[in-house]
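Before any comments, here is the structure.
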Amino acid sequence: MSKVTDIVTELVTPIVDELGLELVDIEYKKEGSNWFLRVFIDNETGNIDIDDCALVSEKLSQILDEVDPIPTAYFLEVSSPGAERPLRKDKDFEKAVGRHVHITTKEPIEGASVFEGELISFEDGKLTVKEAKKTYVITQEQIDTARMAIVF
């Protein structure tokens, strides 16, 4: 599946760059009997609207029709990553400093593999996450998933 996401990344990056948008993530996965290609976009303000999504979808769809890199039928969805956007790139972590995050690790750190709290800092590939009673340092290599989290 990563081959499809790599190809789509190459195709969609010039589109989002031209529109002053940011490519957040791409998913290609099967749900039931259907395949879905999901492209998540954002901008500096975090206020992606339906027109942004429609424009990227239209431009990407035209290129996908021309290049035809995906052999099976699929549904193309372009949307905002939402309030719990994934954190993958260095700039994602840098922008998340001071905000609430949810991180799972590949292996337990001090007996835990799920961490939710404030991202205190991000430096040299190391995240400092402060939970209610304890602070943890987690390297990017240790991370399985990371995303913004909503506090209720």
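By order in the structure tokens, chains are A, B, ...; within a chain, residues start at 1; ligands start at 1, following the order shown.
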Would you kindly return, as a list in words, each protein, DNA or RNA residue with an atom no farther than 10 Å from any atom of Val16 (chain A), considering only C-alpha atoms and excluding same-chain residues fewer than 4 positions away?
-> Leu11, Val12, Gly20, Leu21, Glu22, Leu23, Ile41, Asp42, Asn43, Asp52, Leu55, Val56, Lys59 and Leu60 of chain A
Please return as a PyMOL selection string: the residues of region 2-35 of chain A that backbone DSSP assigns to alpha helix (DSSP H).
-> chain A and resi 2-18
Please identify all polymer residues within 12 Å of Tyr74 (chain A), counting only C-alpha atoms, omitting same-chain residues fewer than 6 positions from it, and present them as a PDB file with N, CA, C and O atoms, in the first residue's frame.
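The result, written out as result.pdb:
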```
ATOM      1  N   VAL A   4       1.365   3.008  -3.391  1.00  0.00           N
ATOM      2  CA  VAL A   4       0.274   3.878  -3.833  1.00  0.00           C
ATOM      3  C   VAL A   4       0.373   5.229  -3.136  1.00  0.00           C
ATOM      4  O   VAL A   4       0.278   6.281  -3.784  1.00  0.00           O
ATOM      5  N   GLU A  27      -3.939   8.177   3.064  1.00  0.00           N
ATOM      6  CA  GLU A  27      -4.278   6.798   3.429  1.00  0.00           C
ATOM      7  C   GLU A  27      -4.812   6.099   2.192  1.00  0.00           C
ATOM      8  O   GLU A  27      -5.574   6.679   1.424  1.00  0.00           O
ATOM      9  N   TYR A  28      -4.437   4.857   2.040  1.00  0.00           N
ATOM     10  CA  TYR A  28      -5.036   4.004   1.012  1.00  0.00           C
ATOM     11  C   TYR A  28      -5.369   2.699   1.709  1.00  0.00           C
ATOM     12  O   TYR A  28      -4.477   1.952   2.107  1.00  0.00           O
ATOM     13  N   LYS A  29      -6.660   2.464   1.922  1.00  0.00           N
ATOM     14  CA  LYS A  29      -7.024   1.264   2.664  1.00  0.00           C
ATOM     15  C   LYS A  29      -8.362   0.706   2.235  1.00  0.00           C
ATOM     16  O   LYS A  29      -9.210   1.411   1.704  1.00  0.00           O
ATOM     17  N   LYS A  30      -8.501  -0.573   2.506  1.00  0.00           N
ATOM     18  CA  LYS A  30      -9.724  -1.281   2.166  1.00  0.00           C
ATOM     19  C   LYS A  30     -10.630  -1.294   3.381  1.00  0.00           C
ATOM     20  O   LYS A  30     -10.203  -1.606   4.494  1.00  0.00           O
ATOM     21  N   GLU A  31     -11.883  -0.950   3.150  1.00  0.00           N
ATOM     22  CA  GLU A  31     -12.902  -1.005   4.194  1.00  0.00           C
ATOM     23  C   GLU A  31     -14.074  -1.770   3.619  1.00  0.00           C
ATOM     24  O   GLU A  31     -14.704  -1.319   2.667  1.00  0.00           O
ATOM     25  N   GLY A  32     -14.321  -2.936   4.158  1.00  0.00           N
ATOM     26  CA  GLY A  32     -15.326  -3.813   3.582  1.00  0.00           C
ATOM     27  C   GLY A  32     -14.846  -4.265   2.215  1.00  0.00           C
ATOM     28  O   GLY A  32     -13.716  -4.732   2.074  1.00  0.00           O
ATOM     29  N   SER A  33     -15.669  -4.085   1.212  1.00  0.00           N
ATOM     30  CA  SER A  33     -15.255  -4.488  -0.138  1.00  0.00           C
ATOM     31  C   SER A  33     -14.733  -3.313  -0.961  1.00  0.00           C
ATOM     32  O   SER A  33     -14.382  -3.480  -2.121  1.00  0.00           O
ATOM     33  N   ASN A  34     -14.665  -2.134  -0.359  1.00  0.00           N
ATOM     34  CA  ASN A  34     -14.260  -0.929  -1.086  1.00  0.00           C
ATOM     35  C   ASN A  34     -12.883  -0.421  -0.661  1.00  0.00           C
ATOM     36  O   ASN A  34     -12.505  -0.514   0.511  1.00  0.00           O
ATOM     37  N   TRP A  35     -12.168   0.143  -1.628  1.00  0.00           N
ATOM     38  CA  TRP A  35     -10.886   0.798  -1.368  1.00  0.00           C
ATOM     39  C   TRP A  35     -11.110   2.300  -1.286  1.00  0.00           C
ATOM     40  O   TRP A  35     -11.905   2.857  -2.046  1.00  0.00           O
ATOM     41  N   PHE A  36     -10.398   2.954  -0.354  1.00  0.00           N
ATOM     42  CA  PHE A  36     -10.500   4.390  -0.175  1.00  0.00           C
ATOM     43  C   PHE A  36      -9.114   5.014  -0.244  1.00  0.00           C
ATOM     44  O   PHE A  36      -8.164   4.533   0.392  1.00  0.00           O
ATOM     45  N   LEU A  37      -9.004   6.076  -1.026  1.00  0.00           N
ATOM     46  CA  LEU A  37      -7.797   6.901  -1.077  1.00  0.00           C
ATOM     47  C   LEU A  37      -8.183   8.208  -0.405  1.00  0.00           C
ATOM     48  O   LEU A  37      -9.009   8.965  -0.916  1.00  0.00           O
ATOM     49  N   ARG A  38      -7.608   8.433   0.775  1.00  0.00           N
ATOM     50  CA  ARG A  38      -7.937   9.633   1.555  1.00  0.00           C
ATOM     51  C   ARG A  38      -6.726  10.558   1.597  1.00  0.00           C
ATOM     52  O   ARG A  38      -5.629  10.141   1.968  1.00  0.00           O
ATOM     53  N   SER A  61      -7.929  14.321  -9.055  1.00  0.00           N
ATOM     54  CA  SER A  61      -8.692  13.334  -9.811  1.00  0.00           C
ATOM     55  C   SER A  61      -8.309  13.350 -11.290  1.00  0.00           C
ATOM     56  O   SER A  61      -8.150  12.293 -11.908  1.00  0.00           O
ATOM     57  N   LEU A  64      -4.889  11.682 -11.534  1.00  0.00           N
ATOM     58  CA  LEU A  64      -5.008  10.242 -11.295  1.00  0.00           C
ATOM     59  C   LEU A  64      -5.627   9.540 -12.499  1.00  0.00           C
ATOM     60  O   LEU A  64      -5.235   8.419 -12.839  1.00  0.00           O
ATOM     61  N   ASP A  65      -6.583  10.193 -13.144  1.00  0.00           N
ATOM     62  CA  ASP A  65      -7.187   9.612 -14.350  1.00  0.00           C
ATOM     63  C   ASP A  65      -6.154   9.486 -15.469  1.00  0.00           C
ATOM     64  O   ASP A  65      -6.153   8.502 -16.209  1.00  0.00           O
ATOM     65  N   ASP A  68      -3.167   7.014 -13.904  1.00  0.00           N
ATOM     66  CA  ASP A  68      -3.792   5.735 -13.572  1.00  0.00           C
ATOM     67  C   ASP A  68      -2.864   4.802 -12.770  1.00  0.00           C
ATOM     68  O   ASP A  68      -2.620   3.663 -13.172  1.00  0.00           O
TER      69      ASP A  68
END
```
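Remark: for Glu118 (chain A), the closest of the candidate residues A:Val151, A:Asp92, A:Gln140, A:Ile63 is A:Val151 (distances computed over only C-alpha atoms).
Checking A:Ala96, A:Ile48, A:Ala112, A:Ile150 one by one against Leu19 (chain A), counting only C-alpha atoms, you find the shortest gap at A:Ile48.
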Enumerate the residues of region 1-144 of chain A with a DSSP assignment of strand (DSSP E), computed from the backbone, and present them as a ChimeraX atom specification.
-> /A:22-31,34-42,75-79,100-109,112-123,126-130,135-139,143-144
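Excluding Arg85 (chain A) itself and same-chain residues fewer than 2 positions from it, the residues having an atom within 7 Å of it are Pro81, Gly82, Ala83, Leu87, Arg147 and Met148 of chain A, counting only C-alpha atoms.
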Residue subset to file, keeping N, CA and C atoms, as a PDB file, in the first residue's frame:
```
ATOM      1  N   PRO A  81      -7.707  17.253   8.286  1.00  0.00           N
ATOM      2  CA  PRO A  81      -7.355  16.191   9.227  1.00  0.00           C
ATOM      3  C   PRO A  81      -8.180  16.227  10.506  1.00  0.00           C
ATOM      4  N   GLY A  82      -8.898  17.308  10.747  1.00  0.00           N
ATOM      5  CA  GLY A  82      -9.739  17.411  11.932  1.00  0.00           C
ATOM      6  C   GLY A  82      -8.956  17.853  13.163  1.00  0.00           C
ATOM      7  N   ALA A  83      -9.657  17.925  14.250  1.00  0.00           N
ATOM      8  CA  ALA A  83      -9.068  18.417  15.498  1.00  0.00           C
ATOM      9  C   ALA A  83      -7.998  17.476  16.046  1.00  0.00           C
ATOM     10  N   LEU A  87       0.336  13.616  13.865  1.00  0.00           N
ATOM     11  CA  LEU A  87       1.632  14.299  13.940  1.00  0.00           C
ATOM     12  C   LEU A  87       2.667  13.334  13.379  1.00  0.00           C
ATOM     13  N   ARG A 147      -0.826  12.083  17.643  1.00  0.00           N
ATOM     14  CA  ARG A 147      -1.866  12.962  17.111  1.00  0.00           C
ATOM     15  C   ARG A 147      -2.198  14.035  18.151  1.00  0.00           C
ATOM     16  N   MET A 148      -2.839  15.079  17.663  1.00  0.00           N
ATOM     17  CA  MET A 148      -3.368  16.087  18.570  1.00  0.00           C
ATOM     18  C   MET A 148      -4.499  15.426  19.361  1.00  0.00           C
TER      19      MET A 148
END
```
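Omitting Phe93 (chain A) and its sequence neighbours fewer than 5 positions away, and counting only C-alpha atoms, the residues within 10 Å are Pro86, Leu87, Arg88, Arg99, Val101, Leu119, Ser121, Phe122, Glu123, Gly125, Lys126, Leu127, Gln140, Ala146, Arg147 and Met148 of chain A.
Interatomic distance, CA of Asp25 (chain A) to CA of Val39 (chain A): 6.1 Å.
Minimum atom-to-atom distances from A:Val24, A:Val137, A:Leu76, A:Ala54 to Ile103 (chain A) were compared using only C-alpha atoms, and the lowest value belongs to A:Val137.
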Name the residues in contact with Phe115 (chain A) at a cut-off of 9 Å, using only C-alpha atoms, excluding same-chain residues fewer than 3 positions from it; report them as a PyMOL selection string.
-> chain A and resi 101-105+112+129-131+136
Could you write out the selected residues, including all heavy atoms, as a PDB file, in the first residue's frame?
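And here is the file that came out, part_5.pdb:
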```pdb
ATOM      1  N   VAL A 101      -1.475  16.338  23.361  1.00  0.00           N
ATOM      2  CA  VAL A 101      -1.197  15.302  22.367  1.00  0.00           C
ATOM      3  C   VAL A 101      -1.491  13.909  22.935  1.00  0.00           C
ATOM      4  O   VAL A 101      -1.534  13.722  24.153  1.00  0.00           O
ATOM      5  CB  VAL A 101       0.275  15.353  21.876  1.00  0.00           C
ATOM      6  CG1 VAL A 101       0.562  16.659  21.169  1.00  0.00           C
ATOM      7  CG2 VAL A 101       1.249  15.125  23.020  1.00  0.00           C
ATOM      8  N   HIS A 102      -1.674  12.964  22.021  1.00  0.00           N
ATOM      9  CA  HIS A 102      -1.878  11.559  22.374  1.00  0.00           C
ATOM     10  C   HIS A 102      -0.833  10.765  21.593  1.00  0.00           C
ATOM     11  O   HIS A 102      -0.791  10.837  20.369  1.00  0.00           O
ATOM     12  CB  HIS A 102      -3.284  11.109  21.975  1.00  0.00           C
ATOM     13  CG  HIS A 102      -3.554   9.671  22.267  1.00  0.00           C
ATOM     14  ND1 HIS A 102      -4.131   9.251  23.438  1.00  0.00           N
ATOM     15  CD2 HIS A 102      -3.325   8.555  21.537  1.00  0.00           C
ATOM     16  CE1 HIS A 102      -4.248   7.938  23.414  1.00  0.00           C
ATOM     17  NE2 HIS A 102      -3.762   7.484  22.267  1.00  0.00           N
ATOM     18  N   ILE A 103       0.005  10.022  22.310  1.00  0.00           N
ATOM     19  CA  ILE A 103       1.095   9.288  21.677  1.00  0.00           C
ATOM     20  C   ILE A 103       1.070   7.840  22.132  1.00  0.00           C
ATOM     21  O   ILE A 103       0.896   7.554  23.320  1.00  0.00           O
ATOM     22  CB  ILE A 103       2.461   9.921  22.041  1.00  0.00           C
ATOM     23  CG1 ILE A 103       2.526  11.336  21.466  1.00  0.00           C
ATOM     24  CG2 ILE A 103       3.620   9.072  21.522  1.00  0.00           C
ATOM     25  CD1 ILE A 103       3.718  12.134  21.909  1.00  0.00           C
ATOM     26  N   THR A 104       1.221   6.925  21.170  1.00  0.00           N
ATOM     27  CA  THR A 104       1.432   5.522  21.503  1.00  0.00           C
ATOM     28  C   THR A 104       2.831   5.155  21.022  1.00  0.00           C
ATOM     29  O   THR A 104       3.293   5.646  19.994  1.00  0.00           O
ATOM     30  CB  THR A 104       0.396   4.595  20.841  1.00  0.00           C
ATOM     31  OG1 THR A 104       0.471   4.722  19.432  1.00  0.00           O
ATOM     32  CG2 THR A 104      -1.012   4.918  21.304  1.00  0.00           C
ATOM     33  N   THR A 105       3.494   4.305  21.793  1.00  0.00           N
ATOM     34  CA  THR A 105       4.854   3.907  21.448  1.00  0.00           C
ATOM     35  C   THR A 105       4.896   2.446  21.026  1.00  0.00           C
ATOM     36  O   THR A 105       4.021   1.655  21.388  1.00  0.00           O
ATOM     37  CB  THR A 105       5.813   4.132  22.633  1.00  0.00           C
ATOM     38  OG1 THR A 105       5.319   3.446  23.785  1.00  0.00           O
ATOM     39  CG2 THR A 105       5.953   5.617  22.951  1.00  0.00           C
ATOM     40  N   ALA A 112       4.696   2.103  30.351  1.00  0.00           N
ATOM     41  CA  ALA A 112       3.518   2.612  29.638  1.00  0.00           C
ATOM     42  C   ALA A 112       3.796   2.712  28.141  1.00  0.00           C
ATOM     43  O   ALA A 112       4.936   2.936  27.731  1.00  0.00           O
ATOM     44  CB  ALA A 112       3.126   3.979  30.175  1.00  0.00           C
ATOM     45  N   VAL A 129       6.738  15.103  27.006  1.00  0.00           N
ATOM     46  CA  VAL A 129       5.297  15.104  27.220  1.00  0.00           C
ATOM     47  C   VAL A 129       5.032  15.100  28.717  1.00  0.00           C
ATOM     48  O   VAL A 129       5.514  14.222  29.432  1.00  0.00           O
ATOM     49  CB  VAL A 129       4.631  13.874  26.561  1.00  0.00           C
ATOM     50  CG1 VAL A 129       3.131  13.871  26.828  1.00  0.00           C
ATOM     51  CG2 VAL A 129       4.909  13.861  25.065  1.00  0.00           C
ATOM     52  N   LYS A 130       4.238  16.088  29.160  1.00  0.00           N
ATOM     53  CA  LYS A 130       3.910  16.179  30.581  1.00  0.00           C
ATOM     54  C   LYS A 130       2.490  15.694  30.794  1.00  0.00           C
ATOM     55  O   LYS A 130       1.534  16.290  30.314  1.00  0.00           O
ATOM     56  CB  LYS A 130       4.040  17.622  31.067  1.00  0.00           C
ATOM     57  CG  LYS A 130       3.763  17.757  32.544  1.00  0.00           C
ATOM     58  CD  LYS A 130       3.944  19.181  33.012  1.00  0.00           C
ATOM     59  CE  LYS A 130       3.815  19.187  34.514  1.00  0.00           C
ATOM     60  NZ  LYS A 130       3.083  20.277  35.043  1.00  0.00           N
ATOM     61  N   GLU A 131       2.392  14.580  31.508  1.00  0.00           N
ATOM     62  CA  GLU A 131       1.079  14.086  31.916  1.00  0.00           C
ATOM     63  C   GLU A 131       0.769  14.693  33.280  1.00  0.00           C
ATOM     64  O   GLU A 131       1.554  15.480  33.802  1.00  0.00           O
ATOM     65  CB  GLU A 131       1.088  12.558  31.983  1.00  0.00           C
ATOM     66  CG  GLU A 131       1.184  11.915  30.605  1.00  0.00           C
ATOM     67  CD  GLU A 131       0.971  10.410  30.636  1.00  0.00           C
ATOM     68  OE1 GLU A 131       1.394   9.766  31.601  1.00  0.00           O
ATOM     69  OE2 GLU A 131       0.358   9.901  29.677  1.00  0.00           O
ATOM     70  N   TYR A 136       7.590  12.658  30.504  1.00  0.00           N
ATOM     71  CA  TYR A 136       8.295  11.620  29.748  1.00  0.00           C
ATOM     72  C   TYR A 136       9.039  12.243  28.571  1.00  0.00           C
ATOM     73  O   TYR A 136       8.561  13.195  27.961  1.00  0.00           O
ATOM     74  CB  TYR A 136       7.312  10.586  29.190  1.00  0.00           C
ATOM     75  CG  TYR A 136       6.553   9.831  30.247  1.00  0.00           C
ATOM     76  CD1 TYR A 136       5.342  10.306  30.739  1.00  0.00           C
ATOM     77  CD2 TYR A 136       7.047   8.638  30.758  1.00  0.00           C
ATOM     78  CE1 TYR A 136       4.647   9.613  31.710  1.00  0.00           C
ATOM     79  CE2 TYR A 136       6.354   7.932  31.729  1.00  0.00           C
ATOM     80  CZ  TYR A 136       5.148   8.428  32.208  1.00  0.00           C
ATOM     81  OH  TYR A 136       4.465   7.739  33.168  1.00  0.00           O
TER      82      TYR A 136
END
```
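Going from CA of Asn47 (chain A) over to CA of Ser79 (chain A), you cover 11.2 Å.
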